[in-house]
Amino acid sequence: MRSVVRDTAGAFISDAEITEWTNEAQLDLAARMELLQEQTTGTTAGNTIALPSNFLDVIGLRLGTAGDDVAFVDDATWFDFSDAGATPPVTLGRPFGNNLELYPTPVAGTPYSLRHVRKPAVLV
């Protein structure tokens with residue numbers, strides 16, 4: 001690796017910097033190309049679902065066994081429905097903070113299946 005950065009003696013670039021750059025590059029590739037995907041399951045307990053610690057982006061979210069696929073929308077659409085108390089044709093979702101917010105609130109204990117792009121393991 002040191003020959004690539006033209007510092008074979010390690011005088012200018014530390015091993016820690018090379019490791020940091022490598023981790024940054026693999027995270028960027030995983031996010032841009034959606035290389036690493038996984039599925040998380042659980043049950044609802046309100047209108048939020050906690051995101052996994054390795055979460056990068058949503059691929060899809062299915063509620064229940066009947067296949068209620070959540071439609072991920074922008075904030076304007078979200079507030080149009082929630083402020084009016086209107087019922088959308090499908091459950092709406094949006095990532096906010098470390099959670100996925102759902103509208104309308106699903107029945108407590110509804111099973112869900114979250115497919116998402118995940119972060120790669122950190123190299124040391």
# chains A, B, ... in the order shown; residues from 1 in each chain; ligands from 1

$ residues_around --residues "region 13-28 of chain A" --least-positions-apart "2" --cutoff "12 Å" --atoms "only C-alpha atoms" --output "list in words"
Met1, Arg2, Ser3, Val4, Val5, Arg6, Asp7, Thr8, Ala9, Gly10, Ala11, Ala30, Ala31, Arg32, Met33, Glu34, Leu35, Leu36, Asn54, Phe55, Leu56, Val117, Arg118, Lys119, Pro120, Ala121, Val122, Leu123 and Val124 of chain A

$ select_by_dssp --residues "chain A" --states "strand (DSSP E)" --output "MDAnalysis selection string"
chainID A and resid 37:43 48:50 55:63 68:69 71:72 92:96 99:103 111:118

$ closest_atom_pairs --of "region 41-72 of chain A" --to "region 86-105 of chain A" --cutoff "7 Å" --atoms "only C-alpha atoms" --output "CSV"
residue,atom,partner,partner_atom,distance
A:Gly46,CA,A:Thr105,CA,6.2
A:Asn47,CA,A:Thr105,CA,4.6
A:Thr48,CA,A:Glu101,CA,4.5
A:Ile49,CA,A:Leu100,CA,5.1
A:Ala50,CA,A:Asn99,CA,4.4
A:Leu51,CA,A:Asn99,CA,5.1
A:Val70,CA,A:Thr91,CA,5.1
A:Ala71,CA,A:Leu92,CA,5.0
A:Phe72,CA,A:Gly93,CA,4.6

$ closest_residue --among "A:Thr77, A:Gly109, A:Phe12, A:Arg115" --to "Val58 (chain A)" --atoms "only C-alpha atoms"
A:Arg115

$ select_by_dssp --residues "chain A" --states "alpha helix (DSSP H)" --output "count of residues only"
29

$ atom_distance --atom1 "CA of Tyr112 (chain A)" --atom2 "CA of Thr44 (chain A)"
7.1 Å

$ atom_distance --atom1 "CA of Asp83 (chain A)" --atom2 "CA of Pro111 (chain A)"
26.4 Å

$ atom_distance --atom1 "CA of Gly64 (chain A)" --atom2 "CA of Thr43 (chain A)"
8.9 Å
